[in-house]
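Have a look at query28.pdb; it's PDB, C-alpha atoms:
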```
ATOM      1  CA  MET A 699       0.000   0.000   0.000
ATOM      2  CA  ARG A 700       1.507   3.296  -1.076
ATOM      3  CA  ILE A 701      -0.027   6.768  -0.891
ATOM      4  CA  VAL A 702       1.344   9.583  -3.043
ATOM      5  CA  SER A 703       0.150  13.169  -2.687
ATOM      6  CA  GLY A 704       1.470  16.611  -3.604
ATOM      7  CA  ILE A 705       0.904  20.167  -2.455
ATOM      8  CA  GLN A 706       1.745  23.529  -3.992
ATOM      9  CA  PRO A 707       4.727  25.149  -2.199
ATOM     10  CA  THR A 708       3.096  28.362  -1.053
ATOM     11  CA  GLY A 709       4.508  30.560   1.693
ATOM     12  CA  ASN A 710       2.822  32.594   4.430
ATOM     13  CA  LEU A 711       0.855  29.603   5.666
ATOM     14  CA  HIS A 712      -2.278  30.087   7.727
ATOM     15  CA  LEU A 713      -4.956  28.214   9.641
ATOM     16  CA  GLY A 714      -6.846  27.405   6.440
ATOM     17  CA  ASN A 715      -3.805  25.604   5.006
ATOM     18  CA  TYR A 716      -3.409  23.573   8.194
ATOM     19  CA  LEU A 717      -7.022  22.510   8.587
ATOM     20  CA  GLY A 718      -7.650  22.218   4.847
ATOM     21  CA  ALA A 719      -4.830  19.884   3.854
ATOM     22  CA  ILE A 720      -1.853  19.461   6.153
ATOM     23  CA  ARG A 721      -3.719  17.901   9.072
ATOM     24  CA  ASN A 722      -5.156  15.223   6.753
ATOM     25  CA  TRP A 723      -1.637  14.341   5.587
ATOM     26  CA  VAL A 724      -0.514  13.847   9.175
ATOM     27  CA  ALA A 725      -3.505  11.615   9.906
ATOM     28  CA  MET A 726      -2.832   9.505   6.797
ATOM     29  CA  GLN A 727       0.833   9.171   7.740
ATOM     30  CA  ASP A 728      -0.028   7.930  11.206
ATOM     31  CA  ASP A 729      -2.696   5.530   9.950
ATOM     32  CA  TRP A 730      -0.916   4.090   6.916
ATOM     33  CA  THR A 731       2.554   3.662   8.378
ATOM     34  CA  ALA A 732       1.031   1.862  11.367
ATOM     35  CA  LYS A 733      -0.411  -0.649   8.885
ATOM     36  CA  GLY A 734       2.911  -1.119   7.081
ATOM     37  CA  GLY A 735       2.094   1.211   4.186
ATOM     38  CA  GLU A 736       4.198   4.017   2.733
ATOM     39  CA  CYS A 737       3.420   7.723   2.320
ATOM     40  CA  LEU A 738       5.173   9.920  -0.224
ATOM     41  CA  TYR A 739       4.460  13.627   0.102
ATOM     42  CA  PHE A 740       5.962  16.022  -2.414
ATOM     43  CA  LEU A 741       6.072  19.757  -2.972
ATOM     44  CA  ALA A 742       4.784  20.415  -6.478
ATOM     45  CA  ASP A 743       7.327  23.026  -7.499
ATOM     46  CA  LEU A 744       7.307  21.880 -11.148
ATOM     47  CA  HIS A 745       3.542  22.427 -11.228
ATOM     48  CA  ALA A 746       4.045  25.934  -9.834
ATOM     49  CA  ILE A 747       5.774  27.134 -13.002
ATOM     50  CA  SER A 748       2.677  26.436 -15.098
ATOM     51  CA  MET A 749       1.416  29.849 -13.967
ATOM     52  CA  PRO A 750       3.235  33.201 -13.704
ATOM     53  CA  HIS A 751       5.405  33.128 -10.602
ATOM     54  CA  ASP A 752       8.171  34.907  -8.711
ATOM     55  CA  PRO A 753      11.264  32.639  -8.665
ATOM     56  CA  ALA A 754      12.493  33.941  -5.312
ATOM     57  CA  ALA A 755       9.038  33.463  -3.793
ATOM     58  CA  LEU A 756       8.907  29.894  -5.124
ATOM     59  CA  THR A 757      12.220  29.063  -3.450
ATOM     60  CA  ALA A 758      11.125  30.632  -0.166
ATOM     61  CA  GLY A 759       7.675  29.053  -0.359
ATOM     62  CA  THR A 760       9.157  25.593  -0.897
ATOM     63  CA  ARG A 761      11.240  25.858   2.248
ATOM     64  CA  GLU A 762       8.365  27.348   4.247
ATOM     65  CA  MET A 763       6.089  24.486   3.230
ATOM     66  CA  VAL A 764       8.654  21.929   4.387
ATOM     67  CA  ALA A 765       8.903  23.740   7.719
ATOM     68  CA  ALA A 766       5.121  23.812   8.078
ATOM     69  CA  LEU A 767       4.656  20.148   7.206
ATOM     70  CA  VAL A 768       7.279  19.027   9.714
ATOM     71  CA  ALA A 769       5.991  21.410  12.397
ATOM     72  CA  CYS A 770       2.470  20.066  11.928
ATOM     73  CA  GLY A 771       3.539  16.463  12.348
ATOM     74  CA  ILE A 772       4.910  15.056   9.092
ATOM     75  CA  ASP A 773       7.850  12.891  10.122
ATOM     76  CA  PRO A 774      10.561  12.718   7.417
ATOM     77  CA  GLU A 775      11.662   9.392   8.900
ATOM     78  CA  ARG A 776       8.239   7.754   8.535
ATOM     79  CA  SER A 777       7.138   9.548   5.354
ATOM     80  CA  ILE A 778       9.119  10.420   2.239
ATOM     81  CA  LEU A 779       9.063  14.221   1.944
ATOM     82  CA  PHE A 780      10.658  15.846  -1.098
ATOM     83  CA  ASN A 781      10.202  18.344  -3.912
ATOM     84  CA  GLN A 782       9.635  17.286  -7.531
ATOM     85  CA  THR A 783      12.642  19.154  -8.894
ATOM     86  CA  GLN A 784      15.093  16.915  -7.031
ATOM     87  CA  VAL A 785      13.611  13.814  -8.647
ATOM     88  CA  PRO A 786      14.120  14.360 -12.413
ATOM     89  CA  ALA A 787      12.178  11.169 -13.137
ATOM     90  CA  HIS A 788       8.951  13.173 -12.670
ATOM     91  CA  ALA A 789       9.715  15.356 -15.685
ATOM     92  CA  GLU A 790      11.160  12.439 -17.674
ATOM     93  CA  LEU A 791       8.109  10.250 -17.183
ATOM     94  CA  GLN A 792       5.806  13.136 -18.020
ATOM     95  CA  TRP A 793       7.443  13.387 -21.441
ATOM     96  CA  LEU A 794       7.172   9.643 -21.995
ATOM     97  CA  LEU A 795       3.461   9.777 -21.088
ATOM     98  CA  THR A 796       2.704  12.660 -23.446
ATOM     99  CA  GLY A 797       2.939  10.132 -26.244
ATOM    100  CA  THR A 798       0.056   8.215 -24.671
ATOM    101  CA  ALA A 799      -2.111  11.105 -23.425
ATOM    102  CA  ARG A 800      -4.552  12.557 -25.957
ATOM    103  CA  MET A 801      -5.372  16.174 -26.733
ATOM    104  CA  GLY A 802      -9.074  15.473 -26.338
ATOM    105  CA  TRP A 803      -8.523  14.147 -22.827
ATOM    106  CA  LEU A 804      -6.625  17.257 -21.775
ATOM    107  CA  ASN A 805      -9.085  19.603 -23.472
ATOM    108  CA  ARG A 806     -11.817  18.231 -21.244
ATOM    109  CA  MET A 807      -9.984  19.054 -18.007
ATOM    110  CA  THR A 808     -12.146  21.461 -16.026
ATOM    111  CA  GLN A 809      -9.197  23.144 -14.308
ATOM    112  CA  TRP A 810      -7.595  23.885 -17.678
ATOM    113  CA  LYS A 811     -10.762  25.653 -18.774
ATOM    114  CA  ASP A 812     -11.057  27.536 -15.494
ATOM    115  CA  LYS A 813      -7.448  28.666 -15.193
ATOM    116  CA  ALA A 814      -6.926  29.505 -18.854
ATOM    117  CA  GLY A 815     -10.251  31.320 -19.075
ATOM    118  CA  LYS A 816     -10.904  33.046 -22.375
ATOM    119  CA  ASN A 817      -7.204  33.558 -23.076
ATOM    120  CA  ARG A 818      -6.301  29.972 -23.949
ATOM    121  CA  GLU A 819      -3.944  31.124 -26.690
ATOM    122  CA  GLY A 820      -1.991  33.054 -24.087
ATOM    123  CA  ALA A 821      -1.840  30.263 -21.506
ATOM    124  CA  SER A 822       1.373  28.273 -21.070
ATOM    125  CA  VAL A 823       1.786  24.811 -22.561
ATOM    126  CA  ALA A 824       2.622  23.661 -19.024
ATOM    127  CA  LEU A 825      -0.838  24.680 -17.829
ATOM    128  CA  PHE A 826      -2.372  22.509 -20.545
ATOM    129  CA  THR A 827      -0.146  19.488 -19.954
ATOM    130  CA  TYR A 828       0.293  19.590 -16.193
ATOM    131  CA  PRO A 829      -2.351  16.845 -15.679
ATOM    132  CA  VAL A 830       0.119  14.566 -17.482
ATOM    133  CA  LEU A 831       2.765  15.574 -14.947
ATOM    134  CA  GLN A 832       0.237  14.773 -12.214
ATOM    135  CA  ALA A 833      -0.186  11.337 -13.761
ATOM    136  CA  ALA A 834       3.588  10.883 -13.778
ATOM    137  CA  ASP A 835       3.761  11.972 -10.130
ATOM    138  CA  VAL A 836       1.677   9.008  -8.980
ATOM    139  CA  LEU A 837       2.418   6.376 -11.632
ATOM    140  CA  LEU A 838       6.155   6.798 -11.100
ATOM    141  CA  TYR A 839       5.876   5.309  -7.607
ATOM    142  CA  GLN A 840       3.338   2.572  -8.371
ATOM    143  CA  ALA A 841       0.934   4.390  -6.020
ATOM    144  CA  THR A 842      -1.928   2.210  -4.894
ATOM    145  CA  HIS A 843      -3.935   5.103  -3.470
ATOM    146  CA  VAL A 844      -4.116   8.855  -4.035
ATOM    147  CA  PRO A 845      -6.064  11.206  -1.751
ATOM    148  CA  VAL A 846      -8.206  13.511  -3.899
ATOM    149  CA  GLY A 847     -10.732  16.234  -3.302
ATOM    150  CA  GLU A 848     -13.617  17.006  -5.617
ATOM    151  CA  ASP A 849     -11.437  19.275  -7.773
ATOM    152  CA  GLN A 850      -8.861  16.535  -8.452
ATOM    153  CA  LYS A 851     -11.030  13.504  -9.179
ATOM    154  CA  GLN A 852     -10.945  14.215 -12.904
ATOM    155  CA  HIS A 853      -7.144  14.314 -12.912
ATOM    156  CA  LEU A 854      -6.853  10.962 -11.161
ATOM    157  CA  GLU A 855      -9.245   9.466 -13.713
ATOM    158  CA  LEU A 856      -6.954  10.839 -16.428
ATOM    159  CA  ALA A 857      -3.939   9.238 -14.741
ATOM    160  CA  ARG A 858      -5.743   5.900 -14.739
ATOM    161  CA  ASP A 859      -6.679   6.313 -18.424
ATOM    162  CA  ILE A 860      -3.071   7.069 -19.333
ATOM    163  CA  ALA A 861      -1.781   4.114 -17.322
ATOM    164  CA  GLN A 862      -4.337   1.754 -18.839
ATOM    165  CA  LYS A 863      -3.599   2.828 -22.411
ATOM    166  CA  PHE A 864       0.169   2.655 -21.867
ATOM    167  CA  ASN A 865      -0.123  -0.838 -20.387
ATOM    168  CA  ASN A 866      -2.389  -1.967 -23.234
ATOM    169  CA  ASP A 867      -0.143  -0.504 -25.939
ATOM    170  CA  PHE A 868       3.313  -1.346 -24.630
ATOM    171  CA  ALA A 869       3.171  -4.051 -21.950
ATOM    172  CA  ALA A 870       2.198  -7.689 -21.682
ATOM    173  CA  GLU A 871      -1.164  -8.309 -20.053
ATOM    174  CA  ASP A 872       0.429 -10.195 -17.173
ATOM    175  CA  ALA A 873       3.228  -7.634 -16.682
ATOM    176  CA  PRO A 874       1.813  -4.089 -16.721
ATOM    177  CA  VAL A 875       4.264  -1.215 -16.351
ATOM    178  CA  PHE A 876       1.969   0.891 -14.186
ATOM    179  CA  THR A 877      -0.343   0.274 -11.241
ATOM    180  CA  LEU A 878      -3.770   1.875 -11.593
ATOM    181  CA  PRO A 879      -4.166   3.976  -8.439
ATOM    182  CA  GLU A 880      -7.379   4.098  -6.465
ATOM    183  CA  ALA A 881      -8.846   7.293  -5.058
ATOM    184  CA  ILE A 882      -9.027   7.987  -1.344
ATOM    185  CA  ILE A 883     -11.590  10.589  -0.389
ATOM    186  CA  PRO A 884     -10.206  12.146   2.810
ATOM    187  CA  PRO A 885     -12.559  13.208   5.596
ATOM    188  CA  GLU A 886     -14.159  16.468   4.565
ATOM    189  CA  ALA A 887     -11.712  19.224   5.416
ATOM    190  CA  ALA A 888     -12.916  22.232   7.330
ATOM    191  CA  ARG A 889     -13.597  25.134   5.000
ATOM    192  CA  ILE A 890     -11.984  28.065   6.768
ATOM    193  CA  MET A 891     -13.181  31.523   5.821
ATOM    194  CA  SER A 892     -11.776  34.999   6.345
ATOM    195  CA  LEU A 893     -12.101  36.485   9.824
ATOM    196  CA  ARG A 894     -13.248  39.710   8.157
ATOM    197  CA  ASP A 895     -15.672  38.228   5.623
ATOM    198  CA  GLY A 896     -17.440  34.942   6.203
ATOM    199  CA  SER A 897     -18.183  34.562   2.480
ATOM    200  CA  ALA A 898     -14.501  34.604   1.372
ATOM    201  CA  LYS A 899     -11.914  31.875   1.995
ATOM    202  CA  MET A 900      -9.070  32.619   4.366
ATOM    203  CA  SER A 901      -6.219  33.617   2.069
ATOM    204  CA  LYS A 902      -2.655  34.865   2.254
ATOM    205  CA  SER A 903      -3.451  37.251  -0.616
ATOM    206  CA  ASP A 904      -5.990  39.203   1.445
ATOM    207  CA  PRO A 905      -4.414  42.627   2.097
ATOM    208  CA  SER A 906      -5.642  42.577   5.704
ATOM    209  CA  ASP A 907      -3.513  40.472   8.035
ATOM    210  CA  MET A 908      -6.462  40.525  10.442
ATOM    211  CA  SER A 909      -8.360  38.267   8.033
ATOM    212  CA  ARG A 910      -6.289  35.186   8.862
ATOM    213  CA  ILE A 911      -4.491  33.291  11.614
ATOM    214  CA  ASN A 912      -0.927  32.799  10.395
ATOM    215  CA  LEU A 913       1.158  29.861  11.559
ATOM    216  CA  THR A 914       3.722  32.441  12.692
ATOM    217  CA  ASP A 915       1.263  34.346  14.915
ATOM    218  CA  ASP A 916       2.010  34.366  18.631
ATOM    219  CA  ALA A 917      -0.610  33.974  21.346
ATOM    220  CA  ASP A 918      -1.281  37.713  21.639
ATOM    221  CA  ALA A 919      -1.792  38.071  17.872
ATOM    222  CA  ILE A 920      -4.172  35.108  17.776
ATOM    223  CA  MET A 921      -6.257  36.437  20.665
ATOM    224  CA  GLN A 922      -6.395  39.906  19.101
ATOM    225  CA  LYS A 923      -7.469  38.603  15.694
ATOM    226  CA  VAL A 924     -10.184  36.402  17.167
ATOM    227  CA  ARG A 925     -11.407  39.234  19.391
ATOM    228  CA  LYS A 926     -11.689  41.556  16.369
ATOM    229  CA  ALA A 927     -13.144  38.936  14.007
ATOM    230  CA  LYS A 928     -16.336  40.078  12.320
ATOM    231  CA  THR A 929     -19.507  38.726  13.917
ATOM    232  CA  ASP A 930     -23.136  39.747  14.409
ATOM    233  CA  PRO A 931     -25.034  40.876  17.516
ATOM    234  CA  GLU A 932     -27.106  37.701  17.950
ATOM    235  CA  PRO A 933     -26.219  34.977  20.486
ATOM    236  CA  LEU A 934     -25.185  31.557  19.247
ATOM    237  CA  PRO A 935     -28.128  29.298  18.357
ATOM    238  CA  GLY A 936     -28.755  25.836  19.707
ATOM    239  CA  GLU A 937     -29.113  24.201  16.275
ATOM    240  CA  ILE A 938     -27.022  24.177  13.091
ATOM    241  CA  GLU A 939     -29.911  25.613  11.097
ATOM    242  CA  GLY A 940     -29.568  28.812  13.077
ATOM    243  CA  LEU A 941     -26.201  29.503  11.420
ATOM    244  CA  LYS A 942     -27.472  29.383   7.824
ATOM    245  CA  GLU A 943     -27.751  33.135   7.312
ATOM    246  CA  ARG A 944     -24.842  33.981   9.600
ATOM    247  CA  PRO A 945     -21.595  33.272   7.672
ATOM    248  CA  GLU A 946     -19.219  34.864  10.179
ATOM    249  CA  ALA A 947     -20.788  33.049  13.118
ATOM    250  CA  ALA A 948     -20.762  29.778  11.166
ATOM    251  CA  ASN A 949     -17.068  30.266  10.356
ATOM    252  CA  LEU A 950     -16.026  30.758  13.986
ATOM    253  CA  VAL A 951     -18.106  27.789  15.115
ATOM    254  CA  GLY A 952     -16.555  25.702  12.324
ATOM    255  CA  ILE A 953     -13.038  26.698  13.373
ATOM    256  CA  TYR A 954     -13.773  25.776  16.985
ATOM    257  CA  ALA A 955     -15.203  22.404  15.961
ATOM    258  CA  ALA A 956     -12.245  21.613  13.691
ATOM    259  CA  MET A 957      -9.639  22.533  16.292
ATOM    260  CA  ALA A 958     -11.422  20.714  19.127
ATOM    261  CA  GLY A 959     -12.150  17.631  17.020
ATOM    262  CA  ILE A 960     -15.869  17.756  17.717
ATOM    263  CA  SER A 961     -18.971  18.444  15.640
ATOM    264  CA  GLN A 962     -20.458  21.895  15.162
ATOM    265  CA  ALA A 963     -23.581  20.589  16.882
ATOM    266  CA  ASP A 964     -21.480  19.803  19.954
ATOM    267  CA  VAL A 965     -20.022  23.321  19.897
ATOM    268  CA  LEU A 966     -23.486  24.849  19.780
ATOM    269  CA  ALA A 967     -24.684  22.563  22.571
ATOM    270  CA  GLN A 968     -21.876  23.964  24.708
ATOM    271  CA  PHE A 969     -22.286  27.643  23.811
ATOM    272  CA  ALA A 970     -25.981  27.981  22.856
ATOM    273  CA  GLY A 971     -27.462  31.271  23.995
ATOM    274  CA  GLN A 972     -24.091  32.844  24.705
ATOM    275  CA  GLY A 973     -22.806  35.896  22.886
ATOM    276  CA  PHE A 974     -19.490  36.315  21.157
ATOM    277  CA  GLY A 975     -18.135  38.097  24.195
ATOM    278  CA  ALA A 976     -17.957  34.655  25.799
ATOM    279  CA  PHE A 977     -17.332  32.540  22.701
ATOM    280  CA  LYS A 978     -14.424  34.480  21.199
ATOM    281  CA  PRO A 979     -12.131  34.181  24.263
ATOM    282  CA  ALA A 980     -12.854  30.457  24.405
ATOM    283  CA  LEU A 981     -12.036  30.100  20.702
ATOM    284  CA  GLY A 982      -8.873  32.159  21.053
ATOM    285  CA  GLU A 983      -7.648  30.073  23.986
ATOM    286  CA  LEU A 984      -8.330  26.861  22.085
ATOM    287  CA  LEU A 985      -6.390  28.128  19.051
ATOM    288  CA  VAL A 986      -3.463  29.184  21.224
ATOM    289  CA  GLU A 987      -3.420  25.804  22.969
ATOM    290  CA  LYS A 988      -3.471  23.806  19.738
ATOM    291  CA  LEU A 989      -1.315  26.053  17.566
ATOM    292  CA  SER A 990       1.399  27.194  19.990
ATOM    293  CA  PRO A 991       3.526  24.014  19.682
ATOM    294  CA  ILE A 992       3.164  24.121  15.891
ATOM    295  CA  THR A 993       3.961  27.832  15.733
ATOM    296  CA  ALA A 994       7.058  27.450  17.891
ATOM    297  CA  ARG A 995       8.387  24.547  15.829
ATOM    298  CA  TYR A 996       7.530  26.282  12.550
ATOM    299  CA  SER A 997       9.230  29.528  13.566
ATOM    300  CA  ASP A 998      12.401  27.649  14.490
ATOM    301  CA  LEU A 999      12.463  25.527  11.360
ATOM    302  CA  ARG A1000      11.634  28.136   8.734
ATOM    303  CA  THR A1001      14.851  30.078   9.417
ATOM    304  CA  ASP A1002      17.076  26.972   9.338
ATOM    305  CA  THR A1003      17.696  26.752   5.600
ATOM    306  CA  ALA A1004      20.355  24.051   5.932
ATOM    307  CA  ALA A1005      18.045  21.757   7.913
ATOM    308  CA  LEU A1006      15.152  22.237   5.490
ATOM    309  CA  ASP A1007      17.367  21.565   2.476
ATOM    310  CA  ALA A1008      18.720  18.449   4.185
ATOM    311  CA  ILE A1009      15.179  17.133   4.750
ATOM    312  CA  LEU A1010      14.353  17.614   1.059
ATOM    313  CA  ALA A1011      17.634  16.071  -0.098
ATOM    314  CA  ALA A1012      17.171  12.987   2.074
ATOM    315  CA  GLY A1013      13.578  12.567   0.943
ATOM    316  CA  ALA A1014      14.536  12.993  -2.699
ATOM    317  CA  GLN A1015      17.204  10.315  -2.387
ATOM    318  CA  ARG A1016      14.622   7.846  -1.077
ATOM    319  CA  ALA A1017      12.108   8.891  -3.744
ATOM    320  CA  ARG A1018      14.650   8.468  -6.556
ATOM    321  CA  ALA A1019      15.369   4.925  -5.412
ATOM    322  CA  LEU A1020      11.682   4.082  -5.768
ATOM    323  CA  ALA A1021      11.244   5.978  -9.040
ATOM    324  CA  VAL A1022      14.125   4.622 -11.107
ATOM    325  CA  PRO A1023      12.824   1.046 -11.649
ATOM    326  CA  THR A1024       9.478   2.300 -12.986
ATOM    327  CA  LEU A1025      11.136   4.882 -15.225
ATOM    328  CA  GLU A1026      13.507   2.271 -16.661
ATOM    329  CA  ARG A1027      10.606  -0.085 -17.372
ATOM    330  CA  ALA A1028       8.756   2.722 -19.164
ATOM    331  CA  TYR A1029      11.777   3.520 -21.344
ATOM    332  CA  ALA A1030      12.227  -0.168 -22.166
ATOM    333  CA  ALA A1031       8.537  -0.669 -22.947
ATOM    334  CA  LEU A1032       8.702   2.195 -25.463
ATOM    335  CA  GLY A1033      11.757   0.699 -27.169
ATOM    336  CA  LEU A1034      14.079   3.539 -26.160
ATOM    337  CA  LEU A1035      17.701   2.430 -25.831
ATOM    338  CA  ARG A1036      19.437   3.362 -22.589
ATOM    339  CA  GLY A1037      23.169   3.069 -21.975
TER     340      GLY A1037
END
```
As C-alpha cells, how would this structure be written, given the file I've shared?
Amino acid sequence: MRIVSGIQPTGNLHLGNYLGAIRNWVAMQDDWTAKGGECLYFLADLHAISMPHDPAALTAGTREMVAALVACGIDPERSILFNQTQVPAHAELQWLLTGTARMGWLNRMTQWKDKAGKNREGASVALFTYPVLQAADVLLYQATHVPVGEDQKQHLELARDIAQKFNNDFAAEDAPVFTLPEAIIPPEAARIMSLRDGSAKMSKSDPSDMSRINLTDDADAIMQKVRKAKTDPEPLPGEIEGLKERPEAANLVGIYAAMAGISQADVLAQFAGQGFGAFKPALGELLVEKLSPITARYSDLRTDTAALDAILAAGAQRARALAVPTLERAYAALGLLRG
C-alpha cells in the first residue's frame, strides 16, 4: 500500500492551510505507516511554473512548506518528503506519457478551462499538460492510493486512463508497467473563511492580516485577531440551522469544531445562547493551545535553511530509489535504448 500526494509550495501559511490539507496528511501518515504502508508527500514546485510566478518566492515558499509540514507532524523518517525538482524522473516520465495522453482528454480538463479562461492562446503549454505531470507523479511510484478532493477527481481518472492505455499498448497483459491507483476521499476538510468576511476563503493574498491566523502568529496576535473577528449581535443558536444566514458566526463555530475535534452541533450545545463576548475568548484560547507548539516549531524551522534543504535532499534520495525502476521499465517498454 503506497499513498502519493502533492501540495503547492506556497509561503505565508495560515490556519486554512493547516485545517484544509496538512492535518489530513498527518492523519494519513499515522494511519498508513502503522499498517505497514508508505506515504510519499511532495512539494509540487514543477507544477508551480505552469502559472506566472516569482522565482524567489517559489524558493522561499518551498522551504516554508517543508517547515510547516514538519511542524504540523509530518515525520521525514516515517514519510518520504521531497520536492519534484530533485527527482528528475517526474519530468522524464511526463514526457514519456505525453505520447500516450490525448489532446481530447486534456481539453476536457475542467481546471484547464477555469485557469486559462478566455485567453487559452496566451496560456502556457505547461498549464495545458500539467495533468500529465500529475499522472507521472503518482504512476512513477506505483501508487496504490491517491487522496483527492472534488477538484482533483478528474485528474486521477486521467492518470488511470493514461496508465491503462500505456499498459495496453506497450506491456504484456500479465506484466503491466503501471499500477492503476485508487482514489481515497479524505474526511471532509474544514472550510476556513476569512475572519473579516465569512463569504470569502481565508487567504494569504488578502491585504488585511487581520483576516487570517498565520502559523507564525504568537498567542497575543491570535487572541487579538479572534477578538476583532467580524460577527453579528445575535447569540449563538442551539441548532445548526440557526447559522445558515450567519456566515461569520458559522465560520467561527466551524473553526472551533475543527480545532477541538468535535462536531459543530457539539459546539453549539456547549455555547448555545451565549454571545461572542464569551465565545471568542474560548475560541482564542483553544487556538493558542493547539497552535502554539506548531507555531514554535515552525518559527524555528523556517529560518534553518540548511536543515530544510537536508530534509528535502534525504527525501529525494529515497524517492529516486523508488522511481528509477518504474522509469527504466517505461523507457524499455517504449523501445528507447538506454546506456
Taking the file as shown, what set of residues would the PyMOL selection byres ((chain A and resi 986) around 9) give back, as a JSON list (two decimals) with C-alpha atoms, in the coordinates of the input?
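Ended up saving to result-v5.json:
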```
[["chain", "number", "residue", "atom", "x", "y", "z"],
["A", 916, "ASP", "CA", 2.01, 34.37, 18.63],
["A", 917, "ALA", "CA", -0.61, 33.97, 21.35],
["A", 918, "ASP", "CA", -1.28, 37.71, 21.64],
["A", 920, "ILE", "CA", -4.17, 35.11, 17.78],
["A", 921, "MET", "CA", -6.26, 36.44, 20.66],
["A", 981, "LEU", "CA", -12.04, 30.10, 20.70],
["A", 982, "GLY", "CA", -8.87, 32.16, 21.05],
["A", 983, "GLU", "CA", -7.65, 30.07, 23.99],
["A", 984, "LEU", "CA", -8.33, 26.86, 22.08],
["A", 985, "LEU", "CA", -6.39, 28.13, 19.05],
["A", 987, "GLU", "CA", -3.42, 25.80, 22.97],
["A", 988, "LYS", "CA", -3.47, 23.81, 19.74],
["A", 989, "LEU", "CA", -1.32, 26.05, 17.57],
["A", 990, "SER", "CA", 1.40, 27.19, 19.99],
["A", 991, "PRO", "CA", 3.53, 24.01, 19.68]]
```
With distances taken over all atoms listed in the file, the candidate from A:Arg1027, A:Lys902, A:Pro884, A:Trp803 nearest Glu855 of chain A is A:Trp803
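For segment 768-783 of chain A, the non-local neighbours within 6 Å, defined as residues at least 6 positions apart in the same chain or in other chains and counting all atoms listed in the file, are Val724, Cys737, Leu738, Tyr739, Phe740, Leu741, Ala742, Ile992, Arg995, Tyr996, Leu1010, Gly1013 and Ala1014 of chain A.
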Find the distance between atom CA of Ile720 of chain A and atom CA of Ile705 of chain A and write it in Å to one decimal.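 Going from atom CA of Ile720 of chain A over to atom CA of Ile705 of chain A, I get 9.1 Å.
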Please write as a list in words the full residue list that the PyMOL selection byres ((chain A and resi 867-879) around 9) yields on this file.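 This file gives the following for the PyMOL selection byres ((chain A and resi 867-879) around 9): Thr798, Val836, Leu837, Leu838, Tyr839, Gln840, Ala841, Thr842, His843, Val844, Leu854, Ala857, Arg858, Asp859, Ala861, Gln862, Lys863, Phe864, Asn865, Asn866, Glu880, Ala881, Thr1024, Arg1027, Ala1028, Ala1031 and Leu1032 of chain A.
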Rounded to one decimal place, report the atom CA of Asp729 of chain A-atom CA of Tyr716 of chain A distance in Å.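 Atom-to-atom, atom CA of Asp729 of chain A to atom CA of Tyr716 of chain A, that is 18.1 Å.
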